[in-house]
Structure formats: C-alpha cells, structure tokens
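> Structure file upload-v3.tsv (TSV, C-alpha atoms and all ligand atoms) right here:
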chain	number	residue	atom	x	y	z
Z	1	MET	CA	66.71	129.99	62.08
Z	2	SER	CA	65.71	131.63	58.85
Z	3	GLU	CA	65.12	129.78	55.66
Z	4	ILE	CA	67.75	130.86	53.13
Z	5	LEU	CA	66.44	131.38	49.64
Z	6	THR	CA	68.52	131.85	46.57
Z	7	TYR	CA	67.74	133.75	43.41
Z	8	SER	CA	67.63	131.86	40.15
Z	9	ASN	CA	68.25	134.80	37.80
Z	10	ASN	CA	71.92	135.71	37.24
Z	11	ARG	CA	71.09	139.34	36.51
Z	12	LYS	CA	70.20	139.55	40.18
Z	13	SER	CA	73.21	137.70	41.52
Z	14	GLY	CA	73.91	140.51	43.99
Z	15	VAL	CA	70.58	139.86	45.70
Z	16	LYS	CA	70.28	137.65	48.77
Z	17	VAL	CA	66.96	136.93	50.44
Z	18	PHE	CA	66.48	135.54	53.93
Z	19	VAL	CA	62.98	134.62	54.99
Z	20	ALA	CA	62.64	134.87	58.74
Z	21	ASP	CA	60.18	132.89	60.82
Z	22	ASN	CA	58.81	135.96	62.58
Z	23	TYR	CA	59.61	139.57	63.45
Z	24	GLU	CA	62.02	138.66	66.24
Z	25	ASP	CA	63.96	136.32	63.98
Z	26	LEU	CA	64.03	139.02	61.28
Z	27	SER	CA	65.36	141.61	63.75
Z	28	VAL	CA	68.12	139.31	65.04
Z	29	LYS	CA	69.21	138.29	61.54
Z	30	ALA	CA	69.21	141.84	60.18
Z	31	ALA	CA	71.03	143.20	63.25
Z	32	ALA	CA	73.72	140.55	62.72
Z	33	VAL	CA	74.29	141.85	59.17
Z	34	MET	CA	74.77	145.39	60.51
Z	35	ALA	CA	76.89	144.26	63.45
Z	36	ASP	CA	79.24	142.44	61.07
Z	37	VAL	CA	79.87	145.70	59.21
Z	38	ILE	CA	80.53	147.59	62.46
Z	39	LYS	CA	82.89	144.86	63.72
Z	40	ALA	CA	84.80	144.78	60.43
Z	41	ASP	CA	85.24	148.57	60.47
Z	42	PRO	CA	84.54	150.36	63.78
Z	43	LYS	CA	84.76	153.67	61.87
Z	44	CYS	CA	82.10	152.67	59.39
Z	45	ILE	CA	79.35	154.86	58.03
Z	46	LEU	CA	75.82	153.62	58.49
Z	47	GLY	CA	72.83	154.76	56.48
Z	48	LEU	CA	69.84	154.46	58.79
Z	49	ALA	CA	66.09	154.23	58.38
Z	50	THR	CA	63.01	154.95	60.45
Z	51	GLY	CA	59.55	153.37	60.52
Z	52	THR	CA	58.25	150.54	62.65
Z	53	SER	CA	60.19	147.83	60.78
Z	54	PRO	CA	63.68	148.62	62.19
Z	55	ILE	CA	62.67	149.00	65.85
Z	56	GLY	CA	63.46	145.35	66.70
Z	57	LEU	CA	66.79	145.57	64.85
Z	58	TYR	CA	67.71	148.73	66.78
Z	59	ASN	CA	66.82	146.98	70.06
Z	60	GLU	CA	69.20	144.18	69.09
Z	61	LEU	CA	72.00	146.66	68.31
Z	62	ILE	CA	71.40	148.34	71.68
Z	63	ARG	CA	71.65	144.96	73.42
Z	64	MET	CA	74.89	144.10	71.59
Z	65	ASN	CA	76.33	147.51	72.46
Z	66	GLN	CA	75.41	147.12	76.12
Z	67	GLU	CA	77.09	143.71	76.13
Z	68	ASN	CA	80.19	145.29	74.53
Z	69	ALA	CA	79.89	143.13	71.43
Z	70	ILE	CA	79.85	146.26	69.21
Z	71	SER	CA	80.87	149.88	69.73
Z	72	PHE	CA	79.43	153.00	68.12
Z	73	ALA	CA	82.22	155.23	69.48
Z	74	ASP	CA	83.67	155.92	66.02
Z	75	VAL	CA	80.61	155.17	63.90
Z	76	LYS	CA	78.98	157.88	61.78
Z	77	THR	CA	75.36	157.75	60.68
Z	78	TYR	CA	73.29	159.39	57.96
Z	79	ASN	CA	69.53	158.97	57.96
Z	80	LEU	CA	67.55	158.50	54.80
Z	81	ASP	CA	64.89	161.11	55.18
Z	82	GLU	CA	62.96	163.61	57.28
Z	83	TYR	CA	59.51	165.13	57.04
Z	84	TYR	CA	59.36	168.72	55.72
Z	85	PRO	CA	58.54	170.98	57.35
Z	86	LEU	CA	58.89	169.47	60.81
Z	87	ALA	CA	61.06	170.47	63.79
Z	88	ALA	CA	63.60	167.95	65.10
Z	89	GLU	CA	62.03	168.38	68.56
Z	90	ASN	CA	58.61	167.25	67.31
Z	91	ASP	CA	57.98	163.72	68.56
Z	92	GLN	CA	56.96	162.68	65.03
Z	93	SER	CA	60.28	163.75	63.50
Z	94	TYR	CA	62.74	161.13	62.33
Z	95	ARG	CA	65.49	162.83	64.38
Z	96	TYR	CA	63.33	162.31	67.48
Z	97	PHE	CA	62.69	158.69	66.45
Z	98	MET	CA	66.41	157.96	66.02
Z	99	ASN	CA	67.31	159.48	69.40
Z	100	GLU	CA	64.53	157.51	71.11
Z	101	HIS	CA	65.09	154.17	69.40
Z	102	LEU	CA	68.87	154.05	69.04
Z	103	PHE	CA	71.16	157.02	69.70
Z	104	ASN	CA	70.16	157.68	73.35
Z	105	HIS	CA	70.92	154.07	74.26
Z	106	VAL	CA	74.33	153.42	72.65
Z	107	ASN	CA	77.82	154.89	72.97
Z	108	ILE	CA	77.52	157.02	69.84
Z	109	ASN	CA	78.77	160.60	69.65
Z	110	ILE	CA	75.56	162.47	68.78
Z	111	ALA	CA	77.64	164.89	66.66
Z	112	ASN	CA	78.40	161.94	64.39
Z	113	THR	CA	74.70	161.32	63.74
Z	114	HIS	CA	73.12	163.14	60.80
Z	115	VAL	CA	69.47	163.61	59.99
Z	116	LEU	CA	68.25	166.12	57.40
Z	117	ASN	CA	66.98	169.37	58.94
Z	118	GLY	CA	63.22	169.36	58.44
Z	119	LEU	CA	63.09	173.11	59.08
Z	120	ALA	CA	65.90	174.15	56.72
Z	121	GLU	CA	64.78	177.40	55.07
Z	122	ASP	CA	66.92	176.69	52.05
Z	123	TRP	CA	65.97	173.05	51.54
Z	124	GLN	CA	67.87	172.88	48.26
Z	125	LYS	CA	71.13	173.78	50.01
Z	126	GLU	CA	70.31	171.35	52.83
Z	127	CYS	CA	70.01	168.56	50.26
Z	128	THR	CA	73.17	169.47	48.32
Z	129	ASP	CA	75.18	169.83	51.53
Z	130	TYR	CA	73.96	166.42	52.73
Z	131	ASP	CA	75.19	164.71	49.54
Z	132	LEU	CA	78.54	166.48	49.79
Z	133	GLU	CA	78.94	165.55	53.43
Z	134	ILE	CA	78.25	161.88	52.74
Z	135	GLU	CA	80.74	161.94	49.90
Z	136	LYS	CA	83.38	163.70	52.02
Z	137	ALA	CA	82.87	161.15	54.80
Z	138	GLY	CA	83.76	158.40	52.29
Z	139	GLY	CA	80.32	157.07	51.36
Z	140	ILE	CA	77.88	154.79	53.13
Z	141	ASP	CA	79.13	151.31	54.05
Z	142	ILE	CA	75.72	149.81	54.72
Z	143	GLN	CA	72.34	151.36	54.01
Z	144	LEU	CA	69.41	150.04	56.01
Z	145	LEU	CA	66.00	150.31	54.35
Z	146	GLY	CA	62.39	149.63	55.17
Z	147	ILE	CA	59.91	149.69	52.31
Z	148	GLY	CA	56.62	151.52	51.83
Z	149	ASN	CA	53.46	149.62	50.90
Z	150	ASN	CA	53.85	151.28	47.48
Z	151	GLY	CA	57.48	150.19	47.08
Z	152	HIS	CA	59.02	153.48	48.19
Z	153	ILE	CA	62.46	153.51	49.80
Z	154	GLY	CA	63.36	156.50	51.92
Z	155	PHE	CA	60.64	158.81	50.62
Z	156	ASN	CA	61.31	158.05	46.96
Z	157	GLU	CA	57.73	157.77	45.84
Z	158	PRO	CA	56.45	155.93	42.74
Z	159	GLY	CA	56.63	158.17	39.69
Z	160	ARG	CA	58.19	158.76	36.32
Z	161	ASP	CA	61.80	159.07	37.46
Z	162	PHE	CA	64.52	157.65	39.58
Z	163	ILE	CA	66.13	160.63	41.34
Z	164	ARG	CA	69.82	160.44	42.09
Z	165	GLY	CA	70.60	162.77	44.99
Z	166	THR	CA	68.94	164.11	48.12
Z	167	HIS	CA	65.85	166.12	47.22
Z	168	ARG	CA	62.48	167.41	48.33
Z	169	VAL	CA	59.47	165.26	47.58
Z	170	GLU	CA	55.71	165.75	47.84
Z	171	LEU	CA	54.30	162.67	49.56
Z	172	THR	CA	51.67	160.55	47.84
Z	173	GLU	CA	48.21	160.18	49.38
Z	174	SER	CA	48.96	156.49	49.96
Z	175	THR	CA	52.04	157.33	52.05
Z	176	ILE	CA	50.24	160.09	53.96
Z	177	THR	CA	47.45	157.63	54.78
Z	178	ALA	CA	49.86	154.81	55.71
Z	179	ASN	CA	51.97	157.07	57.94
Z	180	SER	CA	48.98	158.79	59.58
Z	181	ARG	CA	48.69	155.81	61.94
Z	182	LEU	CA	51.62	157.27	63.87
Z	183	PHE	CA	50.11	160.79	64.11
Z	184	ASN	CA	47.11	162.03	66.13
Z	185	SER	CA	45.26	162.80	62.91
Z	186	ILE	CA	45.91	162.63	59.18
Z	187	ASP	CA	45.94	166.47	59.05
Z	188	GLU	CA	49.12	166.48	61.13
Z	189	VAL	CA	51.11	164.43	58.60
Z	190	PRO	CA	53.49	166.75	56.72
Z	191	ARG	CA	52.78	166.79	52.97
Z	192	ALA	CA	56.45	166.80	51.98
Z	193	ALA	CA	59.81	165.38	52.99
Z	194	LEU	CA	63.51	165.63	52.27
Z	195	THR	CA	64.97	162.30	51.23
Z	196	MET	CA	68.13	160.75	49.88
Z	197	GLY	CA	67.63	159.78	46.26
Z	198	VAL	CA	67.82	156.24	44.96
Z	199	GLY	CA	71.26	157.18	43.59
Z	200	ASN	CA	72.49	157.72	47.16
Z	201	ILE	CA	71.05	154.34	48.12
Z	202	MET	CA	72.57	152.57	45.12
Z	203	ALA	CA	75.96	154.13	45.95
Z	204	ALA	CA	76.05	152.42	49.36
Z	205	LYS	CA	78.53	149.54	49.43
Z	206	LYS	CA	75.93	147.23	50.95
Z	207	VAL	CA	72.17	147.52	51.25
Z	208	LEU	CA	70.00	145.76	53.84
Z	209	LEU	CA	66.22	145.87	53.33
Z	210	ILE	CA	63.80	144.61	55.96
Z	211	ALA	CA	60.07	144.06	55.59
Z	212	ASN	CA	57.44	142.28	57.61
Z	213	GLY	CA	53.72	141.67	57.46
Z	214	PRO	CA	51.17	141.03	54.69
Z	215	LYS	CA	50.89	144.70	53.69
Z	216	LYS	CA	54.43	144.53	52.30
Z	217	ALA	CA	53.96	141.34	50.24
Z	218	GLN	CA	53.02	143.03	46.93
Z	219	ALA	CA	55.81	145.62	47.25
Z	220	ILE	CA	58.33	142.84	47.93
Z	221	LYS	CA	57.11	140.85	44.94
Z	222	ASP	CA	57.30	143.90	42.66
Z	223	THR	CA	60.73	144.77	44.04
Z	224	LEU	CA	62.30	141.35	43.55
Z	225	GLU	CA	60.35	139.87	40.67
Z	226	GLY	CA	58.84	142.79	38.80
Z	227	GLU	CA	60.42	144.88	36.08
Z	228	ILE	CA	62.84	147.60	37.14
Z	229	THR	CA	60.66	150.70	37.08
Z	230	PRO	CA	60.39	154.00	38.95
Z	231	TYR	CA	56.78	153.08	39.68
Z	232	CYS	CA	58.34	150.65	42.19
Z	233	GLN	CA	61.40	152.56	43.34
Z	234	ALA	CA	62.83	149.61	45.30
Z	235	SER	CA	62.98	147.52	42.08
Z	236	LEU	CA	66.21	149.36	41.21
Z	237	LEU	CA	67.86	147.34	43.99
Z	238	GLN	CA	67.85	144.35	41.62
Z	239	LEU	CA	70.90	146.00	40.06
Z	240	HIS	CA	72.79	146.54	43.33
Z	241	PRO	CA	75.87	144.31	43.63
Z	242	ASP	CA	75.41	143.55	47.35
Z	243	VAL	CA	71.87	143.72	48.68
Z	244	THR	CA	70.36	141.56	51.40
Z	245	PHE	CA	66.63	141.28	52.02
Z	246	VAL	CA	65.53	140.01	55.42
Z	247	ILE	CA	61.77	139.57	55.30
Z	248	ASP	CA	59.22	137.55	57.22
Z	249	LYS	CA	57.03	134.81	55.77
Z	250	GLU	CA	54.06	137.13	55.32
Z	251	ALA	CA	56.09	139.66	53.34
Z	252	ALA	CA	57.53	136.78	51.27
Z	253	ALA	CA	54.14	135.19	50.61
Z	254	LEU	CA	53.76	136.29	46.96
Z	255	LEU	CA	57.30	135.44	45.79
Z	256	THR	CA	57.47	132.72	43.19
Z	257	GLU	CA	60.99	132.99	41.76
Z	258	TYR	CA	62.78	132.40	45.05
Z	259	LYS	CA	63.22	128.75	45.90
Z	260	PRO	CA	64.44	127.44	49.26
Z	261	LEU	CA	68.00	126.10	49.01
A	1	LIG	C1	58.22	155.74	55.88
A	1	LIG	C2	59.72	155.94	55.71
A	1	LIG	C3	60.38	154.76	55.05
A	1	LIG	C4	59.90	153.47	55.68
A	1	LIG	C5	58.41	153.33	55.47
A	1	LIG	C6	57.84	152.03	56.01
A	1	LIG	O1	57.48	156.19	54.81
A	1	LIG	N1	60.04	157.12	54.98
A	1	LIG	O2	61.78	154.91	55.15
A	1	LIG	O3	60.57	152.39	55.12
A	1	LIG	O4	57.79	154.42	56.14
A	1	LIG	O5	57.53	152.16	57.35
A	1	LIG	P1	57.21	150.94	58.32
A	1	LIG	O6	58.52	150.30	58.62
A	1	LIG	O7	56.62	151.59	59.53
A	1	LIG	O8	56.27	150.05	57.60
Translate the structure described by the file into structure tokens.

Amino acid sequence: MSEILTYSNNRKSGVKVFVADNYEDLSVKAAAVMADVIKADPKCILGLATGTSPIGLYNELIRMNQENAISFADVKTYNLDEYYPLAAENDQSYRYFMNEHLFNHVNINIANTHVLNGLAEDWQKECTDYDLEIEKAGGIDIQLLGIGNNGHIGFNEPGRDFIRGTHRVELTESTITANSRLFNSIDEVPRAALTMGVGNIMAAKKVLLIANGPKKAQAIKDTLEGEITPYCQASLLQLHPDVTFVIDKEAAALLTEYKPL
C-alpha cells in the first residue's frame, strides 16, 4: 500500500500526503477517501472534477456502488467547471464526461448532478446562481481536484488574483495546448470556461487532490512547498484545514519537505 508521508511544517498541519505506488493504487486510495464521506453521510454533497486523473477513482466508485458498498441515491454533486461555450451534448463537454465516466453507471438521480451550463447566454447569472445553489444545498462536503501542469485547479489559471466565486475565465495557452490532446485539433478547444473559484474550493469541508505522472511533479512541488501565490493557484490549499493529496511517485518526485513516516 501507499507510503504515508507527513508534513514537517505546522502551518500546513491540515495537509496530508499519500504517495501511491502507481495509478491503480492512487485510484483505490483516493476512492476510499470519497467512499468514507459517502458512507458517513449518504446525503452528502460531492464536488467533482474531470480530466484523465479521476477516471480510475470513478471506476472504483462504480465498482463499490455495484457491490452495494456505497449508494449515490441521496448524493448531490457539483462539478468544478465547464468549457465555454460548449454544449452539454458535445462529447468534449465535462457534462458528457461525467455521464460517461460516473453518472450513467451508478444509482444517482441525474437531477441531483450539477454541471455549469456551457451555453448559458447570461454566464454571469449562471455563475451567481451556481454559488447560491451550492450554498443553499449546505456546502460541499468533499471537493475532488485534479491539477493542471501549471498548478491550476478547476480552471483557476495562474495570474494576479485568487478569485472567490464561480466565474468566467479565459484559458491560458498552456492549458489549451495541454487539453488539446483530448480534442481532434487544437482549434476545437474552447478559449474560455466557467469555473468555481478558489474560494468555493477552500469552502469545501474536505479537499482531495489527485495527481499522477512526471508532468505534474513541478506543480505538486510548487503547491506543497512553494510560497502561497496566485501564480500557482493550488498553493492556497496549504491553508485548508483538511486537505488530502494522493499522488503517485512520479508526481511526488520533486518534493523535499515531505519525509516518509
Ligand atoms: C483540466 C480541468 C482540471 C483538471 C486538469 C488536469 O484543465 N479543468 O480540473 O484537473 O485538466 O487534467 P488531467 O487530469 O487530465 O491531467
């Protein structure tokens, strides 16, 4: 099983880091963290993420659901982000991804699943309504995150500010290039997105971040060991009171402050 590392700096006492042997190990470990939240409160609210990183974790949750170890019957979900403009029906949309990789395979009520509308004409209202809805629902119990090669979480791109609530963002060239691998051509990648802000993420009771592969190593180092700066949006997580990182050895390769227990 995973090597458990502990953080030496008290300021970051809310941060736990598990280094997994490989992607499968990472997926099992991370799914167990989510499953514990669902078991403790079957009416919990999950903040969900897309990208290639969580696919193994979602497969694990599907397996647990099919074996009746967890139920999604009363679970509500809110996804982090969606491309803008992009129709939900487009096979590159994050709504499509969530249906394909999780919702179509578990006993969730699809009406309880929420993804920002990538075609909302009034995107400002879409963002404000999303924040209000999350608040009315009682807030997110656990927020799952991947991480961009540039340290973005959701689509909160490196820049001068940390933005609190859900908002529209113009994607950086680095993200457009990184994400173009999933599109037929780079020209098809939308140039903008709607995303929860880092304030939404920090408001979640628990945060679970997963990362694998060498391309994530610098972002993970900056996130855990760098200064807290909007130029690495994930670095703000150092201040979260309950955040778990489950990363593989390649993503952990540049860490120096974390020592095996
Ligand atoms: C996208 C998403 C992020 C995700 C990131 C990493 O940009 N907006 O939420 O974390 O990609 O994706 P992957 O897991 O495929 O590396």
> From the set Z:Ser13, Z:Gln92, Z:Asp41, Z:Glu100, which residue has the shortest atom-to-atom contact distance to Asp242 of chain Z, counting only C-alpha atoms?
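Selected residue with least distance to Asp242 of chain Z: Z:Ser13.
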> Grab me every residue within 6 Å of ligand LIG 1 (chain A), counting only C-alpha atoms and all ligand atoms, and send it over as a PyMOL selection string.
chain Z and resi 49-53+145-148+153-155
> List the spatial neighbours of Ala193 of chain Z as a JSON list (two decimals) with C-alpha atoms, in the coordinates of the input - criterion: any atom at most 10 Å away, all atoms listed in the file, same-chain residues fewer than 5 positions off excluded.

[["chain", "number", "residue", "atom", "x", "y", "z"],
["Z", 81, "ASP", "CA", 64.89, 161.11, 55.18],
["Z", 82, "GLU", "CA", 62.96, 163.61, 57.28],
["Z", 83, "TYR", "CA", 59.51, 165.13, 57.04],
["Z", 84, "TYR", "CA", 59.36, 168.72, 55.72],
["Z", 85, "PRO", "CA", 58.54, 170.98, 57.35],
["Z", 86, "LEU", "CA", 58.89, 169.47, 60.81],
["Z", 116, "LEU", "CA", 68.25, 166.12, 57.40],
["Z", 118, "GLY", "CA", 63.22, 169.36, 58.44],
["Z", 123, "TRP", "CA", 65.97, 173.05, 51.54],
["Z", 154, "GLY", "CA", 63.36, 156.50, 51.92],
["Z", 155, "PHE", "CA", 60.64, 158.81, 50.62],
["Z", 156, "ASN", "CA", 61.31, 158.05, 46.96],
["Z", 167, "HIS", "CA", 65.85, 166.12, 47.22],
["Z", 168, "ARG", "CA", 62.48, 167.41, 48.33],
["Z", 169, "VAL", "CA", 59.47, 165.26, 47.58],
["Z", 170, "GLU", "CA", 55.71, 165.75, 47.84],
["Z", 171, "LEU", "CA", 54.30, 162.67, 49.56]]
> Enter the distance from atom CA of Ala217 of chain Z to atom CA of Phe18 of chain Z, in Å, rounded to one decimal.
14.3 Å
> Can you tell me which residues surround segment 32-38 of chain Z at a distance of at most 9 Å, considering only C-alpha atoms, apart from same-chain residues fewer than 3 positions away, and format the answer as a list in words?
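Answer for this query is Ser27, Val28, Lys29, Asp41, Pro42, Lys43, Cys44, Ile45, Leu46, Leu57, Glu60, Leu61, Met64, Ala69, Ile70, Ser71, Phe72, Val75, Asp141, Ile142, Leu144, Leu208 and Thr244 of chain Z.
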> Output C-alpha atoms of each residue in that selection to a file, as a tab-separated table (two decimals), keeping the file's coordinate frame.

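Here's the written file again_37.tsv:
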chain	number	residue	atom	x	y	z
Z	27	SER	CA	65.36	141.61	63.75
Z	28	VAL	CA	68.12	139.31	65.04
Z	29	LYS	CA	69.21	138.29	61.54
Z	41	ASP	CA	85.24	148.57	60.47
Z	42	PRO	CA	84.54	150.36	63.78
Z	43	LYS	CA	84.76	153.67	61.87
Z	44	CYS	CA	82.10	152.67	59.39
Z	45	ILE	CA	79.35	154.86	58.03
Z	46	LEU	CA	75.82	153.62	58.49
Z	57	LEU	CA	66.79	145.57	64.85
Z	60	GLU	CA	69.20	144.18	69.09
Z	61	LEU	CA	72.00	146.66	68.31
Z	64	MET	CA	74.89	144.10	71.59
Z	69	ALA	CA	79.89	143.13	71.43
Z	70	ILE	CA	79.85	146.26	69.21
Z	71	SER	CA	80.87	149.88	69.73
Z	72	PHE	CA	79.43	153.00	68.12
Z	75	VAL	CA	80.61	155.17	63.90
Z	141	ASP	CA	79.13	151.31	54.05
Z	142	ILE	CA	75.72	149.81	54.72
Z	144	LEU	CA	69.41	150.04	56.01
Z	208	LEU	CA	70.00	145.76	53.84
Z	244	THR	CA	70.36	141.56	51.40
> Could you check the closest approach to Glu250 of chain Z for each of Z:Gln66, Z:Thr195, Z:Asn22, Z:Thr77 and tell me which residue wins, using all atoms listed in the file?
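The answer is Z:Asn22, which sits nearest to Glu250 of chain Z.
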> Measure the distance from atom CA of Leu255 of chain Z to atom CA of Leu224 of chain Z in Å and round it to one decimal.
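Atom-to-atom, atom CA of Leu255 of chain Z to atom CA of Leu224 of chain Z, that is 8.1 Å.
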> Could you check how far atom CA of Leu254 of chain Z sits from atom CA of Thr223 of chain Z, in Å to one decimal?
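These atoms are spaced 11.4 Å apart.
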> Which residue is closest to Pro190 of chain Z? Choose from Z:Met202, Z:Ala87, Z:Cys232, Z:Ala253 and count all atoms listed in the file.
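Using all atoms listed in the file, Pro190 of chain Z sits closest to Z:Ala87.
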> With distances taken over all atoms listed in the file, which of Z:Gly56, Z:Leu119, Z:Glu89, Z:Val15 is nearest to Leu239 of chain Z?
Z:Val15
> Take the point (66.4, 161.0, 39.0) as written in the file and pick out every residue within 8 Å of it, counting only C-alpha atoms; give the list as JSON, numbers by chain.
{"Z": [161, 162, 163, 164, 165, 197, 198, 199]}
> List as a list in words the protein and nucleic acid residues near Lys221 of chain Z, meaning an atom at most 12 Å away when only C-alpha atoms are counted, but skip any in the same chain fewer than 6 places from it.
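Listing them by chain and then by number gives Val17, Ile147, Asn149, Asn150, Gly151, Ala211, Pro214, Lys215, Glu227, Ile228, Cys232, Ala234, Ser235, Gln238, Phe245, Ile247, Glu250, Ala251, Ala252, Ala253, Leu254, Leu255, Thr256, Glu257 and Tyr258 of chain Z.
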> Give the answer as one residue: which of Z:Asn184, Z:Ser93, Z:Thr177, Z:Gln233 has the shortest atom-to-atom distance to Ile220 of chain Z, using only C-alpha atoms?
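Using only C-alpha atoms, Ile220 of chain Z sits closest to Z:Gln233.
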> Box time for segment 202-208 of chain Z: axis-aligned, enclosing all its listed atoms, 6 Å extra on each side; report centre and edge lengths in Å to one decimal, as JSON.

{"center_x": 74.3, "center_y": 149.9, "center_z": 49.5, "size_x": 20.5, "size_y": 20.4, "size_z": 20.7}
> Could you list, as a list in words, every residue within 12 Å of Ala111 of chain Z, counting all atoms listed in the file and ignoring same-chain residues fewer than 3 positions away?
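Counting only the stated atoms, we get Ala73, Asp74, Val75, Lys76, Thr77, Tyr78, Asn99, Phe103, Asn107, Ile108, His114 and Val115 of chain Z.
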> Within 10 Å of (51.2, 164.7, 63.7) in the file's own coordinates, which protein, DNA or RNA residues have an atom, counting only C-alpha atoms? List them as a list in words.
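Using only C-alpha atoms, the matching residues come out as Leu86, Asn90, Asp91, Gln92, Ser93, Asn179, Ser180, Arg181, Leu182, Phe183, Asn184, Ser185, Ile186, Asp187, Glu188, Val189 and Pro190 of chain Z.
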> Closest to Thr166 of chain Z among Z:Leu237, Z:Leu209, Z:Leu102, Z:Leu80, using only C-alpha atoms?
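Comparing Z:Leu237, Z:Leu209, Z:Leu102, Z:Leu80 against Thr166 of chain Z, the winner is Z:Leu80.
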